[in-house]
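Asker: Below are the structure tokens for one structure; questions will follow.
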Amino acid sequence: MTTTEPDLMDPTAFVNGIPHDYFRELRHRDGLHRAGNHEGDEFWYVVRHADVVAASRDTTLFSSYPTTMTRFREVTARLRDISFIDPPDHTRLRRLALKAFTPTRIAALEEPVGKVVEQVWANARALGEFDLATEVSLEVPVRALAELIGIPDADRPTVFDWAKRTVNRSHPDYDRDTEQTAEMFLEMLDYVVDLVERRRTEPDDGMITVLLSTPVRGQLLSTGEIAQFTMTMLGGSESTYSALTGAVSALLHHPDQLRLLRADPSLIPTAVNEVLRWVTPVTHFARTVTADTEIAGQPIKAGDLIAMWFSSANFDETVFTDPLRFDVTRNPNPQITFGGGGPHVCIGRLLAMMELRHLIQAVVDEPGLGLAGPAVLAHTNFTNSIRSLPVSLH
């Protein structure tokens with residue numbers, strides 16, 4: 001047993017990476033560990049792969065309402081995310097994913113996303129030396145989402161500025177004023193509501209226009225429902241940003257694996273899966289227990305809170321052979337980065353994986369790419385996020 005227990009609710013808990021030793025210790029303990037956040041809430045830590053999957057899939061017993069966050073748990077009605085809603089209400093909004101992410105629409109994004117990555121990479125490589133986190137990883141998901149959603153070109157600088165201000169939440173550079181942050185999200189919401197209304201009279205080929213004209217169970221969606229869904233999509237840029245930077249960092253720190261990809265680019269889809277496991281961009285989500293139950297033999301009461309640690313489950317040695325080895329050939333790879341199954345599986349996962357594929361291909365095609373300095377991780381326990389990754393081309 002460790003003499004000093006790391007405080008996983010501290011924003012600096014992941015500043016040196018995922019605390020693998022501590023998570024391994026928790027996985028091997030009997031029952032579950034319980035710890036509090038800095039606002040007085042207590043959470044049971046769910047750390048094993050099987051337990052995280054089971055809790056993720058049981059939305060009746062483990063509720064996402066009122067929020068899935070472990071910090072700043074107060075949520076206003078206007079800022080409710082569809083991730084904070086359980087079935088059956090969640091089901092109607094979830095059906096939006098089926099409309100926005102049909103196989104045809106996803107296939108149609110392949111070329112635009114490829115062009116986004118190509119353009120962003122060309123702009124960055126012209127600098128010779130650059131910070132991959134800000135010059136590439138933040139640009140790619142925001143531009144891709146702008147294409148998907150149908151955000152006018154004139155509005156994109158504003159949306160990009162919002163994205164810069166919302167990633168790496170909890171880090172001092174971003175969370176100076178939580179009230180100001182909440183006001184910014186309301187400002188974003190007002191913009192999205194106005195954009196939905198604009199698309200009623202000025203349709204385009206973007207996601208909002210598609211959703212406005214497509215009924216769900218015979219009913220057209222309201223402006224509020226579409227705006228809520230769009231906000232969730234924009235919020236997804238944070239985890240994709242973390243995954244993209246983490247992908248390049250992992251490949252540059254494991255040159256043998258990068259050589260494998262250069263020798264056989266057909267391994268890139270498998271590498272995407274391993275990157276998602278290795279990085280685990282979102283470290284955890286919370287649930288509220290609705291009835292007395294038990295997890296791993298630990299009795300838990302109705303009203304208790306659990307924190308499902310994906311950053312532990314993705315390295316569970318009972319599921320992954322040699323989990324602390326980064327292996328682009330790993331197969332099978334039952335990583336649960338996008339959630340352990342059930343209705344709350346990440347709706348933007350296919351888009352995120354597409355962006356990762358194209359960025360990894362760009363790295364594979366760039367033999368002169370190398371690290372130009374140490375990575376700087378963000379002070380946040382919600383995302384496993386590199387806020388600065390200096391790289392150079394030579």
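Ordered as shown in the structure tokens, chains take letters A, B, and onward, while each chain numbers its residues from 1 and ligands are numbered from 1 in the order shown.
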Which residues, written as a list in words, have at least one atom at most 10 Å from Gly368 in chain A, with only C-alpha atoms counted and residues fewer than 2 positions away on the same chain left out?
Answerer: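 My list of contacting residues is Val363, Val364, Asp365, Glu366, Gly370, Ser392, Leu393 and His394 of chain A.
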Asker: Residues within 9 Å of range 188-203 of chain A, please, as a PyMOL selection string. Count only C-alpha atoms; anything in the same chain fewer than 2 positions from it doesn't count.
Answerer: chain A and resi 78-79+151+159+162+183-186+205-206+208-210+212-213+223-224+226-228+230-231
Asker: Could you take the residues named above and write them with C-alpha atoms, as a CSV table (one decimal), in the first residue's frame?
Answerer:
```
chain,number,residue,atom,x,y,z
A,78,ARG,CA,-29.6,26.3,-20.2
A,79,LEU,CA,-26.2,24.6,-20.1
A,151,ILE,CA,-20.5,27.3,-39.3
A,159,VAL,CA,-15.7,29.8,-32.6
A,162,TRP,CA,-14.1,29.9,-27.8
A,183,GLU,CA,-20.9,33.3,-19.2
A,184,MET,CA,-18.7,32.3,-22.2
A,185,PHE,CA,-20.7,29.0,-22.5
A,186,LEU,CA,-23.9,30.9,-22.5
A,205,ASP,CA,-25.5,21.2,-46.5
A,206,GLY,CA,-24.4,21.2,-42.9
A,208,ILE,CA,-27.9,21.8,-38.6
A,209,THR,CA,-29.8,22.0,-41.8
A,210,VAL,CA,-30.1,18.2,-42.0
A,212,LEU,CA,-33.9,20.8,-39.1
A,213,SER,CA,-35.5,18.9,-41.9
A,223,THR,CA,-34.4,24.7,-31.9
A,224,GLY,CA,-33.3,24.0,-28.3
A,226,ILE,CA,-30.6,21.0,-32.1
A,227,ALA,CA,-28.7,23.7,-30.2
A,228,GLN,CA,-28.1,21.3,-27.3
A,230,THR,CA,-24.5,21.1,-31.5
A,231,MET,CA,-23.1,22.4,-28.2
```
Asker: At a cut-off of 8 Å, using only C-alpha atoms, what residues contact range 235-241 of chain A? Leave out same-chain residues fewer than 3 positions from it and give the result as an MDAnalysis selection string.
Answerer: chainID A and resid 133 137:138 140:142 145 163 166:168 231:232 244:245 281:282 348 352 383
Asker: For the selection just defined, write its residues with C-alpha atoms to a file, as a PDB file, in the first residue's frame.
Answerer:
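Saved file again03.pdb follows:
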```pdb
ATOM      1  CA  ALA A 133      -0.858  21.374 -29.496  1.00  0.00           C
ATOM      2  CA  SER A 137      -4.287  19.682 -32.507  1.00  0.00           C
ATOM      3  CA  LEU A 138      -6.626  22.548 -31.665  1.00  0.00           C
ATOM      4  CA  VAL A 140      -8.014  20.296 -36.733  1.00  0.00           C
ATOM      5  CA  PRO A 141     -11.095  19.343 -34.639  1.00  0.00           C
ATOM      6  CA  VAL A 142     -12.521  22.877 -34.632  1.00  0.00           C
ATOM      7  CA  LEU A 145     -16.582  20.482 -36.715  1.00  0.00           C
ATOM      8  CA  ALA A 163     -12.414  26.526 -28.341  1.00  0.00           C
ATOM      9  CA  THR A 166     -12.557  25.897 -23.182  1.00  0.00           C
ATOM     10  CA  VAL A 167      -9.828  23.269 -23.582  1.00  0.00           C
ATOM     11  CA  ASN A 168      -7.724  22.277 -20.590  1.00  0.00           C
ATOM     12  CA  MET A 231     -23.063  22.359 -28.202  1.00  0.00           C
ATOM     13  CA  THR A 232     -22.227  18.775 -27.276  1.00  0.00           C
ATOM     14  CA  LEU A 244      -4.304  14.298 -31.479  1.00  0.00           C
ATOM     15  CA  THR A 245      -1.469  15.776 -29.402  1.00  0.00           C
ATOM     16  CA  PRO A 281      -8.187  11.670 -23.480  1.00  0.00           C
ATOM     17  CA  VAL A 282     -11.074  11.783 -20.961  1.00  0.00           C
ATOM     18  CA  GLY A 348     -18.430  11.914 -32.318  1.00  0.00           C
ATOM     19  CA  ALA A 352     -12.422  11.760 -34.006  1.00  0.00           C
ATOM     20  CA  THR A 383      -8.526  15.241 -19.691  1.00  0.00           C
TER      21      THR A 383
END
```
Asker: Would you please extract all strand (DSSP E) residues from range 34-272 of chain A, as assigned by DSSP on the backbone, and give them as a PyMOL selection string?
Answerer: chain A and resi 34-36+42-46+62-63+129-131
Asker: Next, the residues of the selection above should be written as an mmCIF file, in the first residue's frame with C-alpha atoms.
Answerer:
```cif
data_model
loop_
_atom_site.group_PDB
_atom_site.id
_atom_site.type_symbol
_atom_site.label_atom_id
_atom_site.label_comp_id
_atom_site.auth_asym_id
_atom_site.auth_seq_id
_atom_site.Cartn_x
_atom_site.Cartn_y
_atom_site.Cartn_z
ATOM 1 C CA ARG A 34 -13.674 6.257 -1.804
ATOM 2 C CA ALA A 35 -12.401 9.831 -1.940
ATOM 3 C CA GLY A 36 -13.773 13.352 -2.041
ATOM 4 C CA GLU A 42 -17.528 11.812 -2.103
ATOM 5 C CA PHE A 43 -16.972 9.355 -4.967
ATOM 6 C CA TRP A 44 -16.482 5.605 -5.123
ATOM 7 C CA TYR A 45 -13.621 4.960 -7.579
ATOM 8 C CA VAL A 46 -14.507 2.368 -10.240
ATOM 9 C CA PHE A 62 -26.042 4.563 -12.623
ATOM 10 C CA SER A 63 -27.541 7.873 -13.681
ATOM 11 C CA GLU A 129 9.392 24.649 -35.512
ATOM 12 C CA PHE A 130 5.996 24.904 -33.851
ATOM 13 C CA ASP A 131 3.828 23.892 -30.917
#
```
Asker: Looking only at the backbone, which of the residues in range 120-172 of chain A does DSSP tag as helix (DSSP H, G or I), as number ranges by chain?
Answerer: A: 120-125, 132-137, 139-149, 153-166
Asker: Which neighbours of Leu132 in chain A fall inside 12 Å, counting only C-alpha atoms, when residues of the same chain fewer than 6 positions from it are skipped, and could you give them as a VMD selection string?
Answerer: chain A and resid 120 to 121 123 to 125 138 to 140 241 to 242 244 to 249 359 363 369 to 376 386 to 393
Asker: Would you export the selected residues with N, CA and C atoms as a CSV table (one decimal), in the first residue's frame, please?
Answerer:
```
chain,number,residue,atom,x,y,z
A,120,VAL,N,-3.9,22.3,-42.4
A,120,VAL,CA,-3.4,22.7,-41.1
A,120,VAL,C,-1.9,22.3,-40.9
A,121,TRP,N,-1.6,21.0,-41.4
A,121,TRP,CA,-0.2,20.5,-41.3
A,121,TRP,C,0.7,21.4,-42.2
A,123,ASN,N,0.4,24.5,-43.0
A,123,ASN,CA,0.6,25.8,-42.4
A,123,ASN,C,1.6,25.7,-41.2
A,124,ALA,N,1.5,24.6,-40.5
A,124,ALA,CA,2.4,24.4,-39.3
A,124,ALA,C,3.8,24.1,-39.8
A,125,ARG,N,3.9,23.2,-40.8
A,125,ARG,CA,5.3,22.8,-41.2
A,125,ARG,C,6.0,24.0,-41.9
A,138,LEU,N,-5.4,21.7,-31.9
A,138,LEU,CA,-6.6,22.5,-31.7
A,138,LEU,C,-7.3,23.0,-33.0
A,139,GLU,N,-6.5,23.2,-34.0
A,139,GLU,CA,-7.1,23.7,-35.3
A,139,GLU,C,-7.9,22.6,-35.9
A,140,VAL,N,-7.4,21.4,-35.9
A,140,VAL,CA,-8.0,20.3,-36.7
A,140,VAL,C,-9.4,20.0,-36.3
A,241,TYR,N,-8.7,17.1,-29.3
A,241,TYR,CA,-7.5,17.9,-29.2
A,241,TYR,C,-6.5,17.1,-28.4
A,242,SER,N,-6.9,16.6,-27.2
A,242,SER,CA,-6.0,15.8,-26.4
A,242,SER,C,-5.5,14.5,-27.1
A,244,LEU,N,-5.2,14.0,-30.4
A,244,LEU,CA,-4.3,14.3,-31.5
A,244,LEU,C,-2.9,14.6,-31.0
A,245,THR,N,-2.8,15.5,-30.0
A,245,THR,CA,-1.5,15.8,-29.4
A,245,THR,C,-0.8,14.5,-28.8
A,246,GLY,N,-1.6,13.8,-28.1
A,246,GLY,CA,-1.1,12.5,-27.5
A,246,GLY,C,-0.7,11.5,-28.5
A,247,ALA,N,-1.3,11.5,-29.6
A,247,ALA,CA,-0.9,10.5,-30.7
A,247,ALA,C,0.5,10.9,-31.2
A,248,VAL,N,0.7,12.1,-31.5
A,248,VAL,CA,2.0,12.5,-32.0
A,248,VAL,C,3.1,12.3,-30.9
A,249,SER,N,2.8,12.7,-29.7
A,249,SER,CA,3.7,12.5,-28.6
A,249,SER,C,4.1,11.0,-28.5
A,359,LEU,N,-4.1,12.5,-39.3
A,359,LEU,CA,-2.9,13.1,-38.6
A,359,LEU,C,-1.8,12.1,-38.5
A,363,VAL,N,2.1,12.3,-40.0
A,363,VAL,CA,3.3,12.1,-39.2
A,363,VAL,C,4.2,11.0,-39.9
A,369,LEU,N,10.3,14.9,-38.8
A,369,LEU,CA,9.6,15.4,-37.6
A,369,LEU,C,10.3,14.9,-36.4
A,370,GLY,N,10.5,15.8,-35.4
A,370,GLY,CA,11.1,15.4,-34.1
A,370,GLY,C,10.7,16.3,-33.0
A,371,LEU,N,10.9,15.9,-31.8
A,371,LEU,CA,10.6,16.7,-30.6
A,371,LEU,C,11.6,17.9,-30.6
A,372,ALA,N,11.1,19.0,-30.2
A,372,ALA,CA,12.0,20.2,-30.0
A,372,ALA,C,12.0,20.7,-28.6
A,373,GLY,N,11.5,19.9,-27.7
A,373,GLY,CA,11.4,20.3,-26.3
A,373,GLY,C,10.5,19.4,-25.5
A,374,PRO,N,10.5,19.6,-24.2
A,374,PRO,CA,9.6,18.7,-23.4
A,374,PRO,C,8.2,19.0,-23.5
A,375,ALA,N,7.3,18.0,-23.4
A,375,ALA,CA,5.9,18.3,-23.4
A,375,ALA,C,5.5,18.9,-22.1
A,376,VAL,N,4.5,19.8,-22.1
A,376,VAL,CA,3.9,20.4,-20.9
A,376,VAL,C,2.5,19.9,-20.8
A,386,ILE,N,-2.0,17.3,-23.2
A,386,ILE,CA,-0.7,18.0,-23.4
A,386,ILE,C,-1.0,19.4,-23.9
A,387,ARG,N,-0.7,20.4,-23.1
A,387,ARG,CA,-1.0,21.8,-23.6
A,387,ARG,C,0.0,22.4,-24.4
A,388,SER,N,1.2,21.8,-24.4
A,388,SER,CA,2.3,22.3,-25.3
A,388,SER,C,3.2,21.1,-25.7
A,389,LEU,N,3.4,21.0,-27.0
A,389,LEU,CA,4.3,19.9,-27.5
A,389,LEU,C,5.2,20.5,-28.6
A,390,PRO,N,6.3,21.1,-28.3
A,390,PRO,CA,7.2,21.7,-29.3
A,390,PRO,C,7.8,20.6,-30.2
A,391,VAL,N,7.7,20.8,-31.5
A,391,VAL,CA,8.2,19.9,-32.5
A,391,VAL,C,8.9,20.7,-33.6
A,392,SER,N,9.8,20.0,-34.3
A,392,SER,CA,10.5,20.7,-35.4
A,392,SER,C,10.6,19.7,-36.6
A,393,LEU,N,10.9,20.3,-37.7
A,393,LEU,CA,11.1,19.6,-39.0
A,393,LEU,C,12.6,19.8,-39.4
```
